[in-house]
Amino acid sequence: MTKITKITKDIDTAVSEIKSGNTVALPTETVYGLGADALNENAVVKIFEAKERPRFNPLIVHVYDTDWFERYGTGIPEDVYRLAEKFSPGPITFIVKKKNIIPDIATAGNDTVGLRIPSHNMFREVIRLSGVPVCAPSANRSGMISPTSAEEVIKELNGKISFILDGGRCEVGIESTVIAFTEDEIKILRHGFITKEDIESVTGKKTSDYSGRIISPGLIKSHYAPETPLYLTENLDKLIKYIPDKTGILDFSGYGSPEEIAVNLYSELRKLDEGGYEKIIGEKIPDEGLGTAINDRLERASRGKAKLTDGKIILSDKENE
């Protein structure tokens with residue numbers, strides 16, 4: 001029997017779903033998440049089933065405050081607490097060694113876990129009242145555009161979950177920064193609102209991009225994607241007059257800052273995806289600060305590149321490059 005998905009503002013309803021071992025869509029400052037009790041293996045399975053998410057892609061575990069870190073992680077570096085003091089609650093996730101209380105399915109069998117303290121008051125209250133950590137990957141079909149409003153969650157998961165807790169539109173708009181630690185270096189697994197420069201300013205240590213096995217969300221090459229093929233170009237202005245009909249244009253020129261682009265990125269992609277276009281052409285923004293995270297999402301969402309050759313737009317897919 002298909003579920004009827006309802007939007008609610010009642011926090012107690014969300015808490016009841018978590019305590020009952022069910023999934024519920026929850027608002028965060030980044031994107032809406034599909035939440036379940038991180039300590040309940042059967043509940044975590046429901047996240048993977050609703051999202052059709054591959055089991056090798058681990059989940060982030062959301063906790064109430066830094067006092068909860070030691071409950072679920074071990075050997076936590078001092079840099080975690082220094083960064084958390086500055087940026088948590090907020091859009092930053094720390095990869096640390098996990099305790100066995102966290103079921104392996106939540107971490108895709110890895111011996112590490114991503115811990116995050118969300119800053120959205122409604123989500124934190126759900127955690128506090130539930131008394132358990134909450135897994136909450138983006139509340140969408142796996143690999144598709146992340147939702148930044150309750151209405152967008154309906155478009156993704158209608159009939160697959162019972163409730164969506166409506167906390168308004170997300171303030172950040174892209175997923176959290178994810179970092180891991182070595183002795184002398186901090187690895188960025190996923191770029192986000194908290195930038196490389198932000199992290200280095202607190203720790204005094206250099207950061208570098210991570211490459212290795214999948215120990216965190218955001219490492220799959222194709223992700224955050226519209227169903228309509230998205231192609232990226234290096235100079236959208238030059239292509240504009242050659243772009244054919246039935247092609248959507250992802251244009252950020254009307255936004256005044258990377259922060260504005262981040263908040264509207266997924267909504268813009270979703271609008272074009274629903275516009276009946278055959279393809280979408282867009283352009284990255286300057287690759288610095290928050291722009292690095294935005295470009296990461298665009299690259300993973302794209303099918304390939306668009307180039308102008310002899311007055312014609314030539315499309316090339318990633319897999320053929």
# chains A, B, ... in the order shown; residues from 1 in each chain; ligands from 1
call {"tool": "closest_atom_pairs", "arguments": {"of": "segment 85-194 of chain A", "to": "segment 47-66 of chain A", "cutoff": "6 Å", "atoms": "only C-alpha atoms", "output": "tab-separated table"}}
result
residue	atom	partner	partner_atom	distance
A:Ala106	CA	A:Leu59	CA	5.5
A:Thr107	CA	A:Pro58	CA	4.5
A:Ala108	CA	A:Pro58	CA	4.8
A:Gly114	CA	A:Ile60	CA	4.8
A:Leu115	CA	A:Val61	CA	5.0
A:Arg116	CA	A:His62	CA	4.8
A:Ile117	CA	A:Val63	CA	5.2
A:Arg124	CA	A:Tyr64	CA	5.9
A:Pro133	CA	A:Val63	CA	5.0
A:Val134	CA	A:His62	CA	5.0
A:Cys135	CA	A:Val61	CA	4.5
A:Arg141	CA	A:Lys51	CA	4.6
A:Ser142	CA	A:Arg53	CA	5.0
A:Lys160	CA	A:Ala50	CA	5.9
call {"tool": "atom_distance", "arguments": {"atom1": "atom CA of Leu239 of chain A", "atom2": "atom CA of Gly256 of chain A"}}
result
22.2 Å
call {"tool": "residues_around", "arguments": {"residues": "Thr309 of chain A", "least_positions_apart": "3", "cutoff": "12 Å", "atoms": "only C-alpha atoms", "output": "ChimeraX atom specification"}}
result
/A:238-239,242,306,312-315
call {"tool": "residues_around", "arguments": {"residues": "segment 172-184 of chain A", "least_positions_apart": "5", "cutoff": "9 Å", "atoms": "only C-alpha atoms", "output": "VMD selection string"}}
result
chain A and resid 28 to 31 77 79 to 80 90 to 96 114 116 138 146 to 148 189 to 195 205 to 206 210 216 to 218 259 to 267 293 to 294 297
call {"tool": "write_last_selection", "arguments": {"atoms": "N, CA and C atoms", "output": "tab-separated table (two decimals), in the first residue's frame"}}
result
chain	number	residue	atom	x	y	z
A	28	THR	N	17.31	20.94	7.43
A	28	THR	CA	18.61	21.34	7.96
A	28	THR	C	18.97	22.66	7.32
A	29	GLU	N	20.06	23.26	7.75
A	29	GLU	CA	20.50	24.51	7.14
A	29	GLU	C	21.09	24.28	5.75
A	30	THR	N	21.45	23.03	5.44
A	30	THR	CA	22.08	22.72	4.15
A	30	THR	C	21.01	22.33	3.13
A	31	VAL	N	20.52	21.10	3.21
A	31	VAL	CA	19.40	20.63	2.39
A	31	VAL	C	18.51	19.79	3.30
A	77	PRO	N	40.48	13.77	17.26
A	77	PRO	CA	41.56	14.77	17.30
A	77	PRO	C	41.10	16.08	17.92
A	79	ASP	N	41.72	18.92	16.85
A	79	ASP	CA	41.29	19.83	15.79
A	79	ASP	C	39.78	19.76	15.56
A	80	VAL	N	39.18	18.62	15.81
A	80	VAL	CA	37.73	18.50	15.66
A	80	VAL	C	37.04	19.47	16.60
A	90	GLY	N	26.56	23.75	12.60
A	90	GLY	CA	26.72	24.32	11.28
A	90	GLY	C	27.08	23.28	10.25
A	91	PRO	N	27.33	23.73	9.01
A	91	PRO	CA	27.49	22.81	7.88
A	91	PRO	C	28.90	22.23	7.74
A	92	ILE	N	29.36	21.53	8.77
A	92	ILE	CA	30.66	20.87	8.72
A	92	ILE	C	30.54	19.49	9.36
A	93	THR	N	31.12	18.49	8.69
A	93	THR	CA	31.07	17.09	9.14
A	93	THR	C	32.47	16.59	9.38
A	94	PHE	N	32.67	15.89	10.49
A	94	PHE	CA	33.98	15.39	10.88
A	94	PHE	C	34.02	13.87	10.75
A	95	ILE	N	34.97	13.35	9.98
A	95	ILE	CA	35.15	11.91	9.86
A	95	ILE	C	36.11	11.45	10.95
A	96	VAL	N	35.62	10.57	11.84
A	96	VAL	CA	36.43	10.08	12.96
A	96	VAL	C	36.24	8.57	13.07
A	114	GLY	N	30.96	9.83	9.99
A	114	GLY	CA	30.86	11.28	9.86
A	114	GLY	C	29.90	11.83	10.89
A	116	ARG	N	28.09	15.27	12.63
A	116	ARG	CA	27.76	16.67	12.34
A	116	ARG	C	26.72	17.16	13.33
A	138	SER	N	20.53	13.48	2.11
A	138	SER	CA	19.56	14.33	1.42
A	138	SER	C	18.29	13.56	1.09
A	146	SER	N	19.22	17.58	-4.85
A	146	SER	CA	18.87	17.66	-3.43
A	146	SER	C	17.75	18.67	-3.22
A	147	PRO	N	16.83	18.41	-2.28
A	147	PRO	CA	15.72	19.33	-2.01
A	147	PRO	C	16.08	20.38	-0.97
A	148	THR	N	15.64	21.59	-1.18
A	148	THR	CA	15.89	22.67	-0.22
A	148	THR	C	14.60	23.24	0.35
A	189	LEU	N	36.98	15.90	2.03
A	189	LEU	CA	36.31	14.87	1.26
A	189	LEU	C	35.19	15.44	0.40
A	190	ARG	N	34.54	16.47	0.92
A	190	ARG	CA	33.50	17.16	0.16
A	190	ARG	C	33.56	18.64	0.50
A	191	HIS	N	33.68	19.48	-0.50
A	191	HIS	CA	33.69	20.91	-0.28
A	191	HIS	C	32.27	21.40	0.02
A	192	GLY	N	32.19	22.41	0.87
A	192	GLY	CA	30.89	22.95	1.25
A	192	GLY	C	31.00	24.40	1.68
A	193	PHE	N	30.02	24.85	2.46
A	193	PHE	CA	29.94	26.26	2.85
A	193	PHE	C	31.14	26.68	3.70
A	194	ILE	N	31.63	25.78	4.55
A	194	ILE	CA	32.85	26.04	5.31
A	194	ILE	C	34.02	25.73	4.38
A	195	THR	N	34.78	26.74	4.03
A	195	THR	CA	35.77	26.61	2.97
A	195	THR	C	37.13	26.13	3.47
A	205	LYS	N	46.77	24.43	9.82
A	205	LYS	CA	47.30	23.31	9.04
A	205	LYS	C	46.81	23.39	7.61
A	206	LYS	N	47.61	22.86	6.71
A	206	LYS	CA	47.22	22.82	5.30
A	206	LYS	C	46.14	21.76	5.10
A	210	TYR	N	40.78	14.93	-0.72
A	210	TYR	CA	40.89	13.50	-0.45
A	210	TYR	C	40.71	12.70	-1.73
A	216	SER	N	32.69	8.59	2.88
A	216	SER	CA	31.84	9.75	3.15
A	216	SER	C	30.90	9.98	1.98
A	217	PRO	N	29.75	10.62	2.23
A	217	PRO	CA	28.92	11.05	1.11
A	217	PRO	C	29.67	12.08	0.26
A	218	GLY	N	29.22	12.25	-0.98
A	218	GLY	CA	29.79	13.28	-1.84
A	218	GLY	C	30.99	12.85	-2.65
A	259	GLU	N	27.25	32.96	-2.14
A	259	GLU	CA	26.28	32.53	-1.13
A	259	GLU	C	24.87	32.48	-1.72
A	260	GLU	N	24.52	33.49	-2.52
A	260	GLU	CA	23.21	33.51	-3.16
A	260	GLU	C	23.07	32.37	-4.17
A	261	ILE	N	24.15	32.11	-4.90
A	261	ILE	CA	24.13	31.02	-5.87
A	261	ILE	C	23.93	29.68	-5.16
A	262	ALA	N	24.65	29.47	-4.06
A	262	ALA	CA	24.54	28.21	-3.32
A	262	ALA	C	23.11	27.98	-2.84
A	263	VAL	N	22.48	29.01	-2.30
A	263	VAL	CA	21.11	28.89	-1.79
A	263	VAL	C	20.14	28.51	-2.91
A	264	ASN	N	20.38	28.99	-4.11
A	264	ASN	CA	19.45	28.81	-5.22
A	264	ASN	C	19.87	27.75	-6.23
A	265	LEU	N	21.06	27.16	-6.06
A	265	LEU	CA	21.61	26.24	-7.06
A	265	LEU	C	20.66	25.10	-7.39
A	266	TYR	N	20.23	24.36	-6.39
A	266	TYR	CA	19.41	23.18	-6.64
A	266	TYR	C	18.01	23.55	-7.15
A	267	SER	N	17.47	24.67	-6.66
A	267	SER	CA	16.16	25.11	-7.13
A	267	SER	C	16.23	25.52	-8.60
A	293	ALA	N	32.97	24.66	-3.86
A	293	ALA	CA	31.89	23.72	-3.53
A	293	ALA	C	30.79	23.74	-4.58
A	294	ILE	N	30.44	24.93	-5.05
A	294	ILE	CA	29.41	25.05	-6.07
A	294	ILE	C	29.85	24.35	-7.35
A	297	ARG	N	29.56	20.58	-7.15
A	297	ARG	CA	28.20	20.08	-7.38
A	297	ARG	C	27.86	20.11	-8.87
call {"tool": "select_by_dssp", "arguments": {"residues": "segment 126-189 of chain A", "states": "strand (DSSP E or B)", "output": "VMD selection string"}}
result
chain A and resid 134 to 135 138 144 163 to 165 177 to 181 186 to 189
call {"tool": "atom_distance", "arguments": {"atom1": "atom CA of Phe123 of chain A", "atom2": "atom CA of Glu274 of chain A"}}
result
29.1 Å
call {"tool": "select_by_dssp", "arguments": {"residues": "segment 115-314 of chain A", "states": "alpha helix (DSSP H)", "output": "VMD selection string"}}
result
chain A and resid 121 to 130 150 to 157 196 to 203 236 to 239 258 to 273 290 to 301
call {"tool": "closest_residue", "arguments": {"among": "A:Lys155, A:Arg300, A:Arg128, A:Lys99", "to": "Arg270 of chain A", "atoms": "only C-alpha atoms"}}
result
A:Lys155
call {"tool": "atom_distance", "arguments": {"atom1": "atom CA of Glu268 of chain A", "atom2": "atom CA of Gly35 of chain A"}}
result
24.8 Å
call {"tool": "closest_residue", "arguments": {"among": "A:Ile188, A:Val202, A:Ile4, A:Ile249", "to": "Ile154 of chain A", "atoms": "only C-alpha atoms"}}
result
A:Ile4
call {"tool": "closest_residue", "arguments": {"among": "A:Trp68, A:Ile240, A:Asp287, A:Glu319", "to": "Gly131 of chain A", "atoms": "only C-alpha atoms"}}
result
A:Trp68
call {"tool": "residues_around", "arguments": {"residues": "Lys279 of chain A", "least_positions_apart": "2", "cutoff": "6 Å", "atoms": "only C-alpha atoms", "output": "PyMOL selection string"}}
result
chain A and resi 228-229+247+277
call {"tool": "write_last_selection", "arguments": {"atoms": "N, CA and C atoms", "output": "compact mmCIF listing (two decimals), in the first residue's frame"}}
result
# COMPACT_ATOMS: atom_id res chain seq x y z
N THR A 228 17.35 15.85 -16.92
CA THR A 228 17.73 16.47 -18.19
C THR A 228 19.25 16.60 -18.22
N PRO A 229 19.91 16.13 -19.28
CA PRO A 229 21.38 16.20 -19.31
C PRO A 229 21.91 17.63 -19.16
N THR A 247 16.67 24.12 -25.24
CA THR A 247 17.86 24.02 -24.38
C THR A 247 17.73 25.01 -23.24
N TYR A 277 12.97 20.86 -21.29
CA TYR A 277 14.11 21.02 -22.19
C TYR A 277 14.73 19.68 -22.54
call {"tool": "closest_residue", "arguments": {"among": "A:Gly204, A:Gly159, A:Gly75, A:Gly282", "to": "Glu299 of chain A", "atoms": "only C-alpha atoms"}}
result
A:Gly282
call {"tool": "decode", "arguments": {"residues": "segment 254-318 of chain A", "atoms": "C-alpha atoms", "output": "PDB file, in the first residue's frame"}}
result
ATOM      1  CA  GLY A 254      21.472  37.569 -11.615  1.00  0.00           C
ATOM      2  CA  TYR A 255      22.952  36.567  -8.259  1.00  0.00           C
ATOM      3  CA  GLY A 256      25.254  38.904  -6.399  1.00  0.00           C
ATOM      4  CA  SER A 257      27.421  36.436  -4.480  1.00  0.00           C
ATOM      5  CA  PRO A 258      28.451  32.772  -4.248  1.00  0.00           C
ATOM      6  CA  GLU A 259      26.283  32.529  -1.129  1.00  0.00           C
ATOM      7  CA  GLU A 260      23.206  33.509  -3.162  1.00  0.00           C
ATOM      8  CA  ILE A 261      24.133  31.021  -5.871  1.00  0.00           C
ATOM      9  CA  ALA A 262      24.542  28.214  -3.315  1.00  0.00           C
ATOM     10  CA  VAL A 263      21.110  28.885  -1.793  1.00  0.00           C
ATOM     11  CA  ASN A 264      19.447  28.807  -5.220  1.00  0.00           C
ATOM     12  CA  LEU A 265      21.612  26.242  -7.056  1.00  0.00           C
ATOM     13  CA  TYR A 266      19.408  23.184  -6.644  1.00  0.00           C
ATOM     14  CA  SER A 267      16.165  25.107  -7.127  1.00  0.00           C
ATOM     15  CA  GLU A 268      17.491  26.560 -10.387  1.00  0.00           C
ATOM     16  CA  LEU A 269      18.505  23.095 -11.584  1.00  0.00           C
ATOM     17  CA  ARG A 270      15.120  21.679 -10.601  1.00  0.00           C
ATOM     18  CA  LYS A 271      13.246  24.487 -12.390  1.00  0.00           C
ATOM     19  CA  LEU A 272      15.148  23.808 -15.616  1.00  0.00           C
ATOM     20  CA  ASP A 273      14.730  20.057 -15.176  1.00  0.00           C
ATOM     21  CA  GLU A 274      10.955  20.543 -15.063  1.00  0.00           C
ATOM     22  CA  GLY A 275      10.976  22.955 -18.023  1.00  0.00           C
ATOM     23  CA  GLY A 276      10.638  20.389 -20.770  1.00  0.00           C
ATOM     24  CA  TYR A 277      14.108  21.021 -22.185  1.00  0.00           C
ATOM     25  CA  GLU A 278      16.135  18.439 -24.068  1.00  0.00           C
ATOM     26  CA  LYS A 279      19.353  19.569 -22.398  1.00  0.00           C
ATOM     27  CA  ILE A 280      20.733  22.237 -20.077  1.00  0.00           C
ATOM     28  CA  ILE A 281      23.899  24.277 -20.597  1.00  0.00           C
ATOM     29  CA  GLY A 282      25.596  26.113 -17.748  1.00  0.00           C
ATOM     30  CA  GLU A 283      28.913  27.518 -16.605  1.00  0.00           C
ATOM     31  CA  LYS A 284      30.981  27.202 -13.467  1.00  0.00           C
ATOM     32  CA  ILE A 285      31.783  30.223 -11.309  1.00  0.00           C
ATOM     33  CA  PRO A 286      35.264  31.371 -10.160  1.00  0.00           C
ATOM     34  CA  ASP A 287      36.874  28.409  -8.403  1.00  0.00           C
ATOM     35  CA  GLU A 288      37.675  30.026  -5.073  1.00  0.00           C
ATOM     36  CA  GLY A 289      36.133  30.020  -1.616  1.00  0.00           C
ATOM     37  CA  LEU A 290      32.530  28.815  -1.741  1.00  0.00           C
ATOM     38  CA  GLY A 291      32.829  28.671  -5.528  1.00  0.00           C
ATOM     39  CA  THR A 292      34.851  25.469  -5.163  1.00  0.00           C
ATOM     40  CA  ALA A 293      31.892  23.722  -3.526  1.00  0.00           C
ATOM     41  CA  ILE A 294      29.405  25.045  -6.074  1.00  0.00           C
ATOM     42  CA  ASN A 295      31.619  23.915  -8.938  1.00  0.00           C
ATOM     43  CA  ASP A 296      31.993  20.490  -7.339  1.00  0.00           C
ATOM     44  CA  ARG A 297      28.205  20.083  -7.377  1.00  0.00           C
ATOM     45  CA  LEU A 298      27.968  21.286 -10.974  1.00  0.00           C
ATOM     46  CA  GLU A 299      30.719  18.946 -12.149  1.00  0.00           C
ATOM     47  CA  ARG A 300      29.132  15.915 -10.470  1.00  0.00           C
ATOM     48  CA  ALA A 301      25.684  16.889 -11.787  1.00  0.00           C
ATOM     49  CA  SER A 302      26.888  17.316 -15.372  1.00  0.00           C
ATOM     50  CA  ARG A 303      26.810  14.838 -18.237  1.00  0.00           C
ATOM     51  CA  GLY A 304      29.799  16.431 -19.971  1.00  0.00           C
ATOM     52  CA  LYS A 305      31.021  19.589 -21.715  1.00  0.00           C
ATOM     53  CA  ALA A 306      29.676  22.001 -24.334  1.00  0.00           C
ATOM     54  CA  LYS A 307      32.079  23.716 -26.748  1.00  0.00           C
ATOM     55  CA  LEU A 308      31.612  26.127 -29.641  1.00  0.00           C
ATOM     56  CA  THR A 309      33.222  24.888 -32.857  1.00  0.00           C
ATOM     57  CA  ASP A 310      32.662  26.631 -36.223  1.00  0.00           C
ATOM     58  CA  GLY A 311      29.451  28.208 -35.041  1.00  0.00           C
ATOM     59  CA  LYS A 312      28.017  24.968 -33.699  1.00  0.00           C
ATOM     60  CA  ILE A 313      27.720  23.714 -30.130  1.00  0.00           C
ATOM     61  CA  ILE A 314      29.447  20.369 -29.735  1.00  0.00           C
ATOM     62  CA  LEU A 315      28.531  18.220 -26.756  1.00  0.00           C
ATOM     63  CA  SER A 316      30.888  15.624 -25.310  1.00  0.00           C
ATOM     64  CA  ASP A 317      29.974  13.172 -22.574  1.00  0.00           C
ATOM     65  CA  LYS A 318      32.332  12.525 -19.656  1.00  0.00           C
TER      66      LYS A 318
END
